[in-house]
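Trainee: Structure below; questions to follow.
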Amino acid sequence: MSSSAQRLAGITVWDGESDRGASAIAWDGDRITELGPAEQTHSEFSVIPGLIDTHVHLDSSAVPGSGDWMTWPLITPVSERALHVVAHARRAAAAGVTTLRDLSGSEAQLSAARAFDAGLIPGPRVLVNGAVGMTAGHGDLFTPPHYPHRGPVADSPDECRKLVREWARSGADGIKIFTSGGVLSIGDKVGWRNQTNAEIAATVDEAHALGMLVAAHSHSAEGIDIALEFGVDSIEHGTGIQERHLEILLERNIPVAPTLLINDAIADRRIPVSDDAAEKGRAVVTERDANFVGAAAAGVRFVLGTDANGVFVRFGDQLEEVRLMKRSFGWTSERALRSATSDAADAIRLTGKVGRLTPGHGADLVVVRGRPWEDIDQLTAENIVAVVARGQVIAGALPV
């Protein structure tokens, strides 16, 4: 047994799909080496896989009350921003979220992800999607008007292909597109078209040719029409889901990240937002609530995706999002927990690596008080005893 090997025996294990009962689980570095039955000794505790948030934004200040969240990335050097990315990611990991997919990454997220991958800093797995959007599109309108330093945009099919290739060269894991306007972007409307069909088609085609998944931000029914027509791999937000979309969503088993908490927070003005954003947020929530009941009843594949950026949704609020998904969709607790573990892993092409506890998978696991797959309300920060990410205990302590 190597010096990095660790073992828990006599603890109930939920493996990402089912209750394995009292078990022994062992890992050596970032690899689970054993999972089998054992006599119960830790009756108070259980083990579940580390959670996976498929939609976050890590590039914001990790210092509470540090000023305008929108301008902070524009005036802070990328080297400094990367440290805040690390802080956010580690904060999420301490709450049991051991894999994060950043949708709209930059060099800050890519740098932090490489540091985690190299083991320079103990922490979660971070995937990064590069954004491909148009001038004056949702992604571009987070930068205040006339500000000279802006992220990249693409305004023709050829520019879209080039930007996809540049993201691939940078080491990005996937691509994000926009098929509607957004809530927090400045001056647009949710229903605005974002790029032409030819531009969207070129982006998706090029990304798939390079083996990259495409996530589509969409709040409108027309935006979902476009996303489905051109074969995206996930729908982000999905506010405008209509009955006409259900057949394709179910047939292709397309994951949808519902981002419930953030839109509720904006609509209710729980955090400071502009009048325009609050109005858009209220409209989105009204439409979402009307559409999601039928979508959930039909079996649409909702997976954990919060849009957390540390301001509107904090890193660690993922636990509340899972509980809210259970209540909103009429799910069992186990179905809700699958949406944040095994199914989320499958949605972002990490099957066989994370999301399940089985020999050969990565050693990402959470020790909790209670049985959250039986009662998701037990999945709280206070009930987390220890978090293991990549085989290292990064929060709490393993029970003796």
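Every chain in the structure tokens takes a letter, A first, then B, and so on in the order presented; its residues are numbered from 1, and the ligands are numbered from 1 following the presented order.
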Which residues of stretch 153-198 of chain A come within 12 Å of stretch 65-85 of chain A, and what is each one's closest atom pair and distance in Å (one decimal), counting only C-alpha atoms, sorted by chain and residue number, as JSON lines?

Mentor:
```
{"residue": "A:Leu184", "atom": "CA", "partner": "A:Met70", "partner_atom": "CA", "distance": 9.6}
{"residue": "A:Ser185", "atom": "CA", "partner": "A:Met70", "partner_atom": "CA", "distance": 9.7}
{"residue": "A:Ile186", "atom": "CA", "partner": "A:Met70", "partner_atom": "CA", "distance": 10.3}
```

Trainee: Env of A:Val126: 12 Å cut, atoms = only C-alpha atoms, seq-sep filter 4 positions within chain, self excluded. Answer as a VMD selection string.

Mentor: chain A and resid 52 to 58 85 to 86 88 to 90 92 to 93 97 to 103 105 108 to 118 122 172 to 174 348 350 389 to 390

Trainee: Any chance you could list, as a list in words, the residues in stretch 68-155 of chain A that come up strand (DSSP E) when DSSP is run on the backbone?

Mentor: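 Of stretch 68-155 of chain A, the ones in strand (DSSP E) are Val97, Thr98, Thr99, Leu100, Arg101, Asp102, Leu103, Arg125, Val126, Leu127, Val128, Asn129, Gly130 and Ala131 of chain A.
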
Trainee: Near A:Arg288, within 7 Å and counting only C-alpha atoms, which residues show up once chain neighbours fewer than 3 positions away are dropped, as a list in words?

Mentor: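 The filter keeps Thr239, Gly240, Val284, Val285, Asn291 and Phe292 of chain A.
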
Trainee: With N, CA and C atoms retained, write the just-selected residues as a PDB file, in the first residue's frame.

Mentor:
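Generated file (selection-v4.pdb):
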```
ATOM      1  N   THR A 239     -35.249  28.284 -20.415  1.00  0.00           N
ATOM      2  CA  THR A 239     -36.504  28.920 -20.006  1.00  0.00           C
ATOM      3  C   THR A 239     -37.642  28.685 -20.988  1.00  0.00           C
ATOM      4  N   GLY A 240     -37.349  28.760 -22.276  1.00  0.00           N
ATOM      5  CA  GLY A 240     -38.399  28.731 -23.290  1.00  0.00           C
ATOM      6  C   GLY A 240     -38.812  27.354 -23.767  1.00  0.00           C
ATOM      7  N   VAL A 284     -38.468  35.977 -17.079  1.00  0.00           N
ATOM      8  CA  VAL A 284     -37.860  34.651 -17.263  1.00  0.00           C
ATOM      9  C   VAL A 284     -38.436  33.651 -16.263  1.00  0.00           C
ATOM     10  N   VAL A 285     -38.553  34.053 -15.000  1.00  0.00           N
ATOM     11  CA  VAL A 285     -39.059  33.138 -13.978  1.00  0.00           C
ATOM     12  C   VAL A 285     -40.516  32.778 -14.244  1.00  0.00           C
ATOM     13  N   ASN A 291     -43.250  26.547 -17.945  1.00  0.00           N
ATOM     14  CA  ASN A 291     -42.760  25.546 -18.895  1.00  0.00           C
ATOM     15  C   ASN A 291     -42.122  24.331 -18.238  1.00  0.00           C
ATOM     16  N   PHE A 292     -41.465  24.532 -17.097  1.00  0.00           N
ATOM     17  CA  PHE A 292     -40.661  23.460 -16.528  1.00  0.00           C
ATOM     18  C   PHE A 292     -41.493  22.338 -15.911  1.00  0.00           C
TER      19      PHE A 292
END
```

Trainee: Rounded to one decimal place, report the atom CA of A:Thr341-atom CA of A:Val204 distance in Å.

Mentor: 26.4 Å

Trainee: Nearest to A:Glu279: which of A:Val354, A:Val322, A:Asn309, A:Gly182 is it, counting only C-alpha atoms?

Mentor: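 Result for the nearest residue to A:Glu279: A:Gly182.
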
Trainee: Contacts of A:Leu35 at 7 Å or less, counting only C-alpha atoms, minus same-chain residues fewer than 4 places along, as a list in words?

Mentor: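 Listing them by chain and then by number gives Ser23, Ala24, Ile25, Ala26, Thr358 and Pro359 of chain A.
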
Trainee: Can I get the selected residues back with all heavy atoms, as a PDB file, in the first residue's frame?

Mentor:
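Below you can see again02.pdb, which holds the result:
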```
ATOM      1  N   SER A  23     -20.215  -0.564   3.532  1.00  0.00           N
ATOM      2  CA  SER A  23     -19.160  -0.903   2.572  1.00  0.00           C
ATOM      3  C   SER A  23     -17.795  -0.478   3.080  1.00  0.00           C
ATOM      4  O   SER A  23     -17.670   0.300   4.037  1.00  0.00           O
ATOM      5  CB  SER A  23     -19.424  -0.198   1.232  1.00  0.00           C
ATOM      6  OG  SER A  23     -20.692  -0.507   0.716  1.00  0.00           O
ATOM      7  N   ALA A  24     -16.781  -0.983   2.398  1.00  0.00           N
ATOM      8  CA  ALA A  24     -15.422  -0.462   2.523  1.00  0.00           C
ATOM      9  C   ALA A  24     -15.066   0.186   1.194  1.00  0.00           C
ATOM     10  O   ALA A  24     -15.307  -0.395   0.134  1.00  0.00           O
ATOM     11  CB  ALA A  24     -14.444  -1.569   2.853  1.00  0.00           C
ATOM     12  N   ILE A  25     -14.532   1.390   1.256  1.00  0.00           N
ATOM     13  CA  ILE A  25     -14.089   2.082   0.051  1.00  0.00           C
ATOM     14  C   ILE A  25     -12.666   2.545   0.275  1.00  0.00           C
ATOM     15  O   ILE A  25     -12.325   3.079   1.323  1.00  0.00           O
ATOM     16  CB  ILE A  25     -15.029   3.262  -0.306  1.00  0.00           C
ATOM     17  CG1 ILE A  25     -14.572   3.922  -1.618  1.00  0.00           C
ATOM     18  CG2 ILE A  25     -15.132   4.275   0.826  1.00  0.00           C
ATOM     19  CD1 ILE A  25     -15.582   4.910  -2.186  1.00  0.00           C
ATOM     20  N   ALA A  26     -11.812   2.292  -0.722  1.00  0.00           N
ATOM     21  CA  ALA A  26     -10.399   2.651  -0.612  1.00  0.00           C
ATOM     22  C   ALA A  26      -9.962   3.358  -1.881  1.00  0.00           C
ATOM     23  O   ALA A  26     -10.519   3.131  -2.966  1.00  0.00           O
ATOM     24  CB  ALA A  26      -9.549   1.409  -0.370  1.00  0.00           C
ATOM     25  N   THR A 358     -16.737   3.791  -7.964  1.00  0.00           N
ATOM     26  CA  THR A 358     -16.471   2.435  -8.443  1.00  0.00           C
ATOM     27  C   THR A 358     -14.980   2.314  -8.700  1.00  0.00           C
ATOM     28  O   THR A 358     -14.327   3.308  -9.058  1.00  0.00           O
ATOM     29  CB  THR A 358     -17.291   2.138  -9.718  1.00  0.00           C
ATOM     30  OG1 THR A 358     -17.213   0.758 -10.045  1.00  0.00           O
ATOM     31  CG2 THR A 358     -16.814   2.961 -10.894  1.00  0.00           C
ATOM     32  N   PRO A 359     -14.387   1.147  -8.499  1.00  0.00           N
ATOM     33  CA  PRO A 359     -12.949   1.006  -8.728  1.00  0.00           C
ATOM     34  C   PRO A 359     -12.545   1.452 -10.130  1.00  0.00           C
ATOM     35  O   PRO A 359     -13.210   1.149 -11.122  1.00  0.00           O
ATOM     36  CB  PRO A 359     -12.724  -0.498  -8.520  1.00  0.00           C
ATOM     37  CG  PRO A 359     -13.769  -0.890  -7.522  1.00  0.00           C
ATOM     38  CD  PRO A 359     -14.977  -0.080  -7.905  1.00  0.00           C
TER      39      PRO A 359
END
```

Trainee: Step one, run DSSP on the backbone; step two, keep only residues of stretch 157-193 of chain A assigned to alpha helix (DSSP H); then write them as a PyMOL selection string.

Mentor: chain A and resi 157-170

Trainee: Atoms to include: N, CA, C and O atoms. Write the selected residues as an mmCIF file, in the first residue's frame.

Mentor:
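Final file, result_34.cif:
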```cif
data_model
loop_
_atom_site.group_PDB
_atom_site.id
_atom_site.type_symbol
_atom_site.label_atom_id
_atom_site.label_comp_id
_atom_site.auth_asym_id
_atom_site.auth_seq_id
_atom_site.Cartn_x
_atom_site.Cartn_y
_atom_site.Cartn_z
ATOM 1 N N PRO A 157 -19.356 33.251 -40.315
ATOM 2 C CA PRO A 157 -19.055 31.828 -40.149
ATOM 3 C C PRO A 157 -17.550 31.547 -40.063
ATOM 4 O O PRO A 157 -17.117 30.725 -39.244
ATOM 5 N N ASP A 158 -16.763 32.230 -40.881
ATOM 6 C CA ASP A 158 -15.315 31.994 -40.840
ATOM 7 C C ASP A 158 -14.713 32.450 -39.508
ATOM 8 O O ASP A 158 -13.833 31.782 -38.954
ATOM 9 N N GLU A 159 -15.180 33.614 -39.002
ATOM 10 C CA GLU A 159 -14.680 34.065 -37.709
ATOM 11 C C GLU A 159 -15.074 33.092 -36.602
ATOM 12 O O GLU A 159 -14.305 32.859 -35.659
ATOM 13 N N CYS A 160 -16.271 32.524 -36.701
ATOM 14 C CA CYS A 160 -16.701 31.539 -35.706
ATOM 15 C C CYS A 160 -15.787 30.318 -35.720
ATOM 16 O O CYS A 160 -15.357 29.833 -34.667
ATOM 17 N N ARG A 161 -15.498 29.823 -36.913
ATOM 18 C CA ARG A 161 -14.597 28.659 -37.001
ATOM 19 C C ARG A 161 -13.224 28.996 -36.425
ATOM 20 O O ARG A 161 -12.628 28.190 -35.701
ATOM 21 N N LYS A 162 -12.721 30.169 -36.745
ATOM 22 C CA LYS A 162 -11.396 30.541 -36.248
ATOM 23 C C LYS A 162 -11.384 30.635 -34.729
ATOM 24 O O LYS A 162 -10.442 30.163 -34.072
ATOM 25 N N LEU A 163 -12.426 31.225 -34.151
ATOM 26 C CA LEU A 163 -12.452 31.382 -32.704
ATOM 27 C C LEU A 163 -12.569 30.022 -32.013
ATOM 28 O O LEU A 163 -11.930 29.789 -30.977
ATOM 29 N N VAL A 164 -13.353 29.110 -32.574
ATOM 30 C CA VAL A 164 -13.401 27.748 -32.025
ATOM 31 C C VAL A 164 -12.007 27.133 -32.029
ATOM 32 O O VAL A 164 -11.567 26.527 -31.042
ATOM 33 N N ARG A 165 -11.300 27.289 -33.124
ATOM 34 C CA ARG A 165 -9.953 26.711 -33.232
ATOM 35 C C ARG A 165 -9.000 27.359 -32.235
ATOM 36 O O ARG A 165 -8.132 26.685 -31.658
ATOM 37 N N GLU A 166 -9.148 28.663 -32.020
ATOM 38 C CA GLU A 166 -8.290 29.333 -31.037
ATOM 39 C C GLU A 166 -8.574 28.834 -29.626
ATOM 40 O O GLU A 166 -7.654 28.649 -28.822
ATOM 41 N N TRP A 167 -9.854 28.597 -29.312
ATOM 42 C CA TRP A 167 -10.181 28.031 -27.998
ATOM 43 C C TRP A 167 -9.603 26.626 -27.864
ATOM 44 O O TRP A 167 -9.077 26.254 -26.806
ATOM 45 N N ALA A 168 -9.705 25.840 -28.932
ATOM 46 C CA ALA A 168 -9.136 24.494 -28.883
ATOM 47 C C ALA A 168 -7.628 24.552 -28.651
ATOM 48 O O ALA A 168 -7.071 23.782 -27.855
ATOM 49 N N ARG A 169 -6.960 25.476 -29.327
ATOM 50 C CA ARG A 169 -5.509 25.634 -29.155
ATOM 51 C C ARG A 169 -5.155 26.035 -27.725
ATOM 52 O O ARG A 169 -4.123 25.617 -27.189
ATOM 53 N N SER A 170 -6.016 26.807 -27.092
ATOM 54 C CA SER A 170 -5.734 27.279 -25.739
ATOM 55 C C SER A 170 -5.918 26.195 -24.686
ATOM 56 O O SER A 170 -5.528 26.381 -23.529
#
```
